[in-house]
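Heads up, the thing below is written out as structure tokens.
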Protein chains: 6
Amino acid sequence: MVKVTFLKIGYIGATNMIDALLDERASRRGLSVRVISSGCKMDEEEAVDAARLAASVPSDLYVVVSPNAGLPGPTAARGILKETGKPIIVVSDEPTRKIRKDLAEEGVGYIVIYADPMIGARRDFLDPVEMVLFNSDVLRVLAVTGVIRLIHSEIDRVIAQLEKGEEVQLPQVIANRETALEHSGLENPYAYGKAMASFEAARRVANLSTEGTYRVKERERYMPILAAAHELMRQAALMADEAREMEKANDSVARVVHFRSGALRRKTKLLGKFEQ
Amino acid sequence: MVKVTFLKIGYIGATNMIDALLDERASRRGLSVRVISSGCKMDEEEAVDAARLAASVPSDLYVVVSPNAGLPGPTAARGILKETGKPIIVVSDEPTRKIRKDLAEEGVGYIVIYADPMIGARRDFLDPVEMVLFNSDVLRVLAVTGVIRLIHSEIDRVIAQLEKGEEVQLPQVIANRETALEHSGLENPYAYGKAMASFEAARRVANLSTEGTYRVKERERYMPILAAAHELMRQAALMADEAREMEKANDSVARVVHFRSGALRRKTKLLGKFEQ
Amino acid sequence: MVKVTFLKIGYIGATNMIDALLDERASRRGLSVRVISSGCKMDEEEAVDAARLAASVPSDLYVVVSPNAGLPGPTAARGILKETGKPIIVVSDEPTRKIRKDLAEEGVGYIVIYADPMIGARRDFLDPVEMVLFNSDVLRVLAVTGVIRLIHSEIDRVIAQLEKGEEVQLPQVIANRETALEHSGLENPYAYGKAMASFEAARRVANLSTEGTYRVKERERYMPILAAAHELMRQAALMADEAREMEKANDSVARVVHFRSGALRRKTKLLGKFEQ
Amino acid sequence: MVKVTFLKIGYIGATNMIDALLDERASRRGLSVRVISSGCKMDEEEAVDAARLAASVPSDLYVVVSPNAGLPGPTAARGILKETGKPIIVVSDEPTRKIRKDLAEEGVGYIVIYADPMIGARRDFLDPVEMVLFNSDVLRVLAVTGVIRLIHSEIDRVIAQLEKGEEVQLPQVIANRETALEHSGLENPYAYGKAMASFEAARRVANLSTEGTYRVKERERYMPILAAAHELMRQAALMADEAREMEKANDSVARVVHFRSGALRRKTKLLGKFEQ
Amino acid sequence: MVKVTFLKIGYIGATNMIDALLDERASRRGLSVRVISSGCKMDEEEAVDAARLAASVPSDLYVVVSPNAGLPGPTAARGILKETGKPIIVVSDEPTRKIRKDLAEEGVGYIVIYADPMIGARRDFLDPVEMVLFNSDVLRVLAVTGVIRLIHSEIDRVIAQLEKGEEVQLPQVIANRETALEHSGLENPYAYGKAMASFEAARRVANLSTEGTYRVKERERYMPILAAAHELMRQAALMADEAREMEKANDSVARVVHFRSGALRRKTKLLGKFEQ
Amino acid sequence: MVKVTFLKIGYIGATNMIDALLDERASRRGLSVRVISSGCKMDEEEAVDAARLAASVPSDLYVVVSPNAGLPGPTAARGILKETGKPIIVVSDEPTRKIRKDLAEEGVGYIVIYADPMIGARRDFLDPVEMVLFNSDVLRVLAVTGVIRLIHSEIDRVIAQLEKGEEVQLPQVIANRETALEHSGLENPYAYGKAMASFEAARRVANLSTEGTYRVKERERYMPILAAAHELMRQAALMADEAREMEKANDSVARVVHFRSGALRRKTKLLGKFEQ
């Protein structure tokens, strides 16, 4: 039985459901998952407190999910988990690329996602309803562009190593346009192009929401920028949907599913069988 | 400082982000949130273990989120939390309505959501990518039809009571078509109709996925039923989107935001001010 | 020459064009069709009067189309036609399933359609324009989900028996999700799923319009319910359209056409030939 | 009690539901409706036979609906009805404009509809399913562009004259782009433009289907023309839908409804009241 | 080196980019292009002046692009170019068909385009923004329906003849529905039908904008007609887009590209190679 | 009479129709326009030759439109025009911002457009049909996001100064997100957000097409990048369309039109009057 504990500090799109990706049928015999989270807060105090709780949970692997893993909160949390001596994988968004060498040196694995943009973090857009809609759009982009597949494949790989008692090779992955799309399973080249466009649009959202949240101070200027960020996010999701519908039309949607043993098996034709 | 601990056992749509709804700006001074989850697994053993961890976290309020709160896992988890003597709110999906009297008698509050359908839980549809897309659709429906607003309003109300030291009145809410939509803030009657149609479509999804997962045994019959469930879910999300776009066209999107004090304030015109 | 007389009492979606389905090119040599209708009215007096007129038309087969065939009007009409001794087929909507055993015992054939919902029968929605739009949507769903094919195939079968002088086997068909879809000719499994979703949405419309029309009395409550019913009907039609467009993209739209002899022949590729 | 008998010979789009437009709630006290139809066939023999049946029904007004009222079948049918001495209104499609002077001289009223195109009447497109879809599209265009309103308003006007014993003034109406749109009730000028575009597209469909059916003989040439006709018809319906959705966004959809007395009353805001 | 000079007098849709079609990569070794234009004005004085300038440019071929080539301005311009003794090809819109015999007798080649409608030339619609949008729509229709391919193929053919010193055979082409679509490269028959419908809708736009601009004098009548013209043009473009998306879904988009030598080579699969 | 000569060297989106923006009705009394272009080619030799021709045309103002005005061809062309001593305005795309100080020092005005991306300039995407579609999309974005209005307003301003004999103040304008959108006339804040999102997506297209054309060498890598660029461009155009449709729904589309005198007058309600 491999025990995986997710520590979630603050929110990115991939925070949602990341623990569910490994055992979507709740049927994996050799896996147990725990999640500890401090909710939206990610200051050092909250992060450390949550990390202590996580460190107290017997685990074979820690996955720490947070925005910008270089911020004080996530950094401190990592410090606490490292004391357990267990392998750690950081899953975070684009700003984390700045510390990826540090992470490598620390012996911490990472998956840095380039299409998981920050919400427009000004009060007018932090309505819970708007926030859920924004995340719904982000999830769609992550799912269709291959990011979701990439994340669970990497964690699955490590779990398999743990299960077999092999040496663990932690991921050092930048989930950029190319590495993500390679995992998308999209076969039609135009669907592939649409998904890549969706990915790129989501990255632009990150530029816009960062600009509107931190760099522009005048309300009359940042409001349209953030409105644009959220509209572009919606459109990125619609492009992702368009890509998937194109694959549906060809009955070529790739599906990769965990079997009870934890093995992944693949199929494409909806009514067809899983590959051996 | 009010401490709220979410215990998540298994997954429904509202499992995602429910803890984020209370403090979307991570700026509320009087609130601290923790989340403990057992991931997808919700059998008694896993649930009890996670519940014990949650019970060990100092909390003023527990919110337990799970599918069908009447199942052994969630029931056992509730039992453990009750020992803390702290107020408990159950957030769950439609099958939970069967035990709502029991919950009331136990002194446990509840929010039972009628448009949060189960995924088509057959292997072919339990691909992590498909699962994320399904949840993306569910989140959109929950957001636009008022469910998200209803959930956080009820929990916010209890937090305010805790904060003021008032007697806590736990919610006994069925988030059905009418109570949800009342919280949607939709002003245009056709947008309201579209959102209600979206809600109803999501309920039908629940019928279909339950049927295809549990009642129909022949693969050649359950596959189209589950495909239909997921297609209908996608369409429900598109209807929700259509409703919101209609409100955008009228610049009448309702926004309700937490201020630092935890107070909720409302606005509609995007470039307008919050109501006092 | 087989003579078929349709008696239409009140309106369901399938009332429209049902007589046209048998001889769309007006070129069938061995068939003559008459239609008698009482328009929207279906009380006993009107129904009986129309039935008498129909009974006076020399016919080899009667097809009675009405809402709920168990209501007094359609029942009385049937009584009159039975006196002619000619075979009768009832085509009606879902409430008719309650009397299907009675129909079988009476020796009356039936086709009971599960995706032919009642309009929101409150004054505000009974504008002729709204009514035509609602029926336009219903027709689209009936066409794409296989109901139209099912109806004419069954009546064609009986006509062929009459023509050959064989013993007539009247249909005892519930056009539910599965029997309908089997006749849809949809090849792509996602298109099939969309069509089934469309069918299910249309059934939900029936629930909503019945509820809003008969069970809810307060105007402020039934108005949104009926608005939702009509919006969901529109969406069901759009889903049906999506399914057909997917088949078009694959050039796999099934077409089944009457030849002059009345024989049905089939093709799929648009520019291809009919199968022998 | 005014008795109106509809004689339907062959099919145009307006054949569907025209009798339902007058009494959509089946609640009009002073009106009784009968319909007699020969189905798709409209040759002289079938038309005369159906007309004799209609002539035998006691009626205060006859409405004859058919394609091209100048063809032998409809002409002969009219001849028979004229013998009853009752007023007659012809409802037909654009080719009928060629005989409108004759109709006026005969004392027959007429409503000639310019956006009710013939289906592509080649075998490949006369599949019952395709036919129903084509008619679904036509109905949508007729409804949104004002044709439906125009038709029932004119017949209602005559019924009112009959009811009051006034002299009957039969309609002499060409339902062209302008007279139709005036009845559409569309308030937004862009919605009005979209609806007019829809009307014009439907007229172009008539050109295409006539050309593909009668003038072009080579299969490899008429097939694309008819495919284009049906695609354009689908698009005309989508434009009509777009126009109506725009009015919904403004909550300015016009509704005109028959009250029990037969009086027509109007409203626009969905939740508002009927005008006095 | 073949030198081609385009003389543009006034604007049709094909005025845009016609010179770019021949050398889209700016890499053709044997071709040099010049363009002279009088902008929107096309009266005789402006046309003659621009033509004189064009005549002064050493050229092997002249292509004259204008609305209605029979108007005085374009006619006079042609007169001046004829004095150079160089071959001339007229590219113009549908009204030019009236003079095509004259052109043939003059020895002038022509490509007359039937789906390049005039804008609604009333002041309210001659806003530069509206104008650009209208032309954007026209370009889309010209591109997808084969007109663009037809134009450059014909001019390329003449250039090749000039290059080889062969006798030049000037085009005498009516780019109507059939000749255009033959060049569209669309493989799916429904996409072909959609594109033809788009072409036909664009032709109807021409009827509407001509009517609204020249024949109807009352503002309250011509405004909706022109609004309809522009809405129909937008829809024609959307239909064209739908056709191309269908081909993308099948990865069957035809591409024909100039190589450096000026030779045209073709491919369909996006990631495939050019045919030899 | 002010004489404006456009020199076009190579192609950007704004190359199309820029000369038409000033006199869309061909009715301005005080303006004469000429255009000289070298087609797609923009090397020094072609550019110089075209510039000499332009310099020979009597002109009061030159507008030079080209990609990247810092390249040798456009630079040399500017050198030749400067010898005429007439004012020059450069209109170009984003790379030109690098030389804007130089332009200012040279006394040359400029309008540098940030949402006018290069096409994916690899052979597979340089099919004339693809190129026209790409430009159609670019034009839509330029029109809706305010770029078109900004361009003609600035040139109009200079023309007015020339007409009145005032000192000419050449534009020094960066048409970025904010300056462009200010000219868009969009009133609904969500439409404004959609248009800004469209603008930003178009900028991202420029990044992608530059990367795919120049920086990535491997065919299997640049093909998807360029496919993504073109798909994103298509989506940017759809977003622009969505923004405009939203304004149409509110009947608030801004229109600004040249009167005969050259004066610009504005209106919003479609059926309303121009402001004085």
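Ordering of the structure tokens sets the chain letters (A, B, ...), residue numbers begin anew at 1 in every chain, and ligands are numbered from 1 in the order given.
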Using only C-alpha atoms and a cut-off of 10 Å, which residues of chain B sit close to chain F? Please list them as a list in words.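 Using only C-alpha atoms, chain B residues at most 10 Å from chain F: Glu245, Met246, Glu247, Lys248, Ala249, Asn250, Asp251, Lys269, Leu270 and Leu271 of chain B.
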Using only N, CA and C atoms, please write the residues we just selected to a file, as a short mmCIF file (atom, residue, chain, number, x, y, z; two decimals), in the first residue's frame.
```cif
data_model
loop_
_atom_site.label_atom_id
_atom_site.label_comp_id
_atom_site.auth_asym_id
_atom_site.auth_seq_id
_atom_site.Cartn_x
_atom_site.Cartn_y
_atom_site.Cartn_z
N GLU B 245 -24.12 34.76 -20.13
CA GLU B 245 -23.82 35.69 -21.23
C GLU B 245 -24.98 36.67 -21.44
N MET B 246 -26.19 36.19 -21.25
CA MET B 246 -27.34 37.08 -21.38
C MET B 246 -27.29 38.17 -20.32
N GLU B 247 -26.93 37.80 -19.12
CA GLU B 247 -26.80 38.81 -18.06
C GLU B 247 -25.65 39.77 -18.35
N LYS B 248 -24.56 39.24 -18.88
CA LYS B 248 -23.46 40.13 -19.25
C LYS B 248 -23.92 41.17 -20.28
N ALA B 249 -24.70 40.70 -21.25
CA ALA B 249 -25.17 41.63 -22.29
C ALA B 249 -25.96 42.77 -21.67
N ASN B 250 -26.59 42.50 -20.55
CA ASN B 250 -27.34 43.54 -19.85
C ASN B 250 -26.55 44.19 -18.74
N ASP B 251 -25.29 43.84 -18.61
CA ASP B 251 -24.45 44.33 -17.52
C ASP B 251 -25.17 44.21 -16.18
N LYS B 269 -23.58 46.28 -11.72
CA LYS B 269 -22.88 46.85 -12.88
C LYS B 269 -21.38 46.61 -12.71
N LEU B 270 -20.74 46.10 -13.74
CA LEU B 270 -19.34 45.69 -13.59
C LEU B 270 -18.45 46.85 -13.13
N LEU B 271 -18.67 48.02 -13.71
CA LEU B 271 -17.82 49.14 -13.36
C LEU B 271 -18.40 49.97 -12.23
#
```
Would you please extract all strand (DSSP E) residues from region 93-143 of chain D, as assigned by DSSP on the backbone, and give them as a VMD selection string? chain D and resid 93 109 to 113
Find the residues near region 207-220 of chain F: any atom within 10 Å, counting only C-alpha atoms, skip ones fewer than 5 places away on the same chain, and give them as a list in words. Ala197 and Glu200 of chain A; Leu271 of chain E; Pro117, Met118, Ile119, Gly120, Ala121, Arg122, Arg123, Ala201, Ala202, Ile225, Leu226, Ala227, Ala228, Ala229, His230 and Leu232 of chain F
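Near Tyr62 (chain C), within a cut-off of 8 Å and counting only C-alpha atoms, sit the residues Val4, Thr5, Phe6, Leu7, Ser59, Leu81, Lys86, Pro87, Ile88 and Ile89 of chain C, with same-chain residues fewer than 3 positions away left out.
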Please identify all polymer residues within 10 Å of Glu46 (chain F), counting only C-alpha atoms, omitting same-chain residues fewer than 3 positions from it, and present them as a PyMOL selection string. (chain E and resi 32-34) or (chain F and resi 9-10+37-43+49-51+73-74+77)
Show me, as a VMD selection string, the residues that have an atom within 6 Å of Asp137 (chain C) when counting only C-alpha atoms, minus same-chain residues fewer than 2 positions from it. chain C and resid 134 to 135 139 to 140 234 237
One decimal, Å: what's the distance from CA of Arg244 (chain B) over to CA of Ala240 (chain D), could you say?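 Going from CA of Arg244 (chain B) over to CA of Ala240 (chain D) covers 21.4 Å.
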Who sits within 8 Å of Met239 (chain B), only C-alpha atoms, same chain under 2 positions skipped, as number ranges by chain: B: 194-195, 197-198, 235-237, 241-243; C: 235
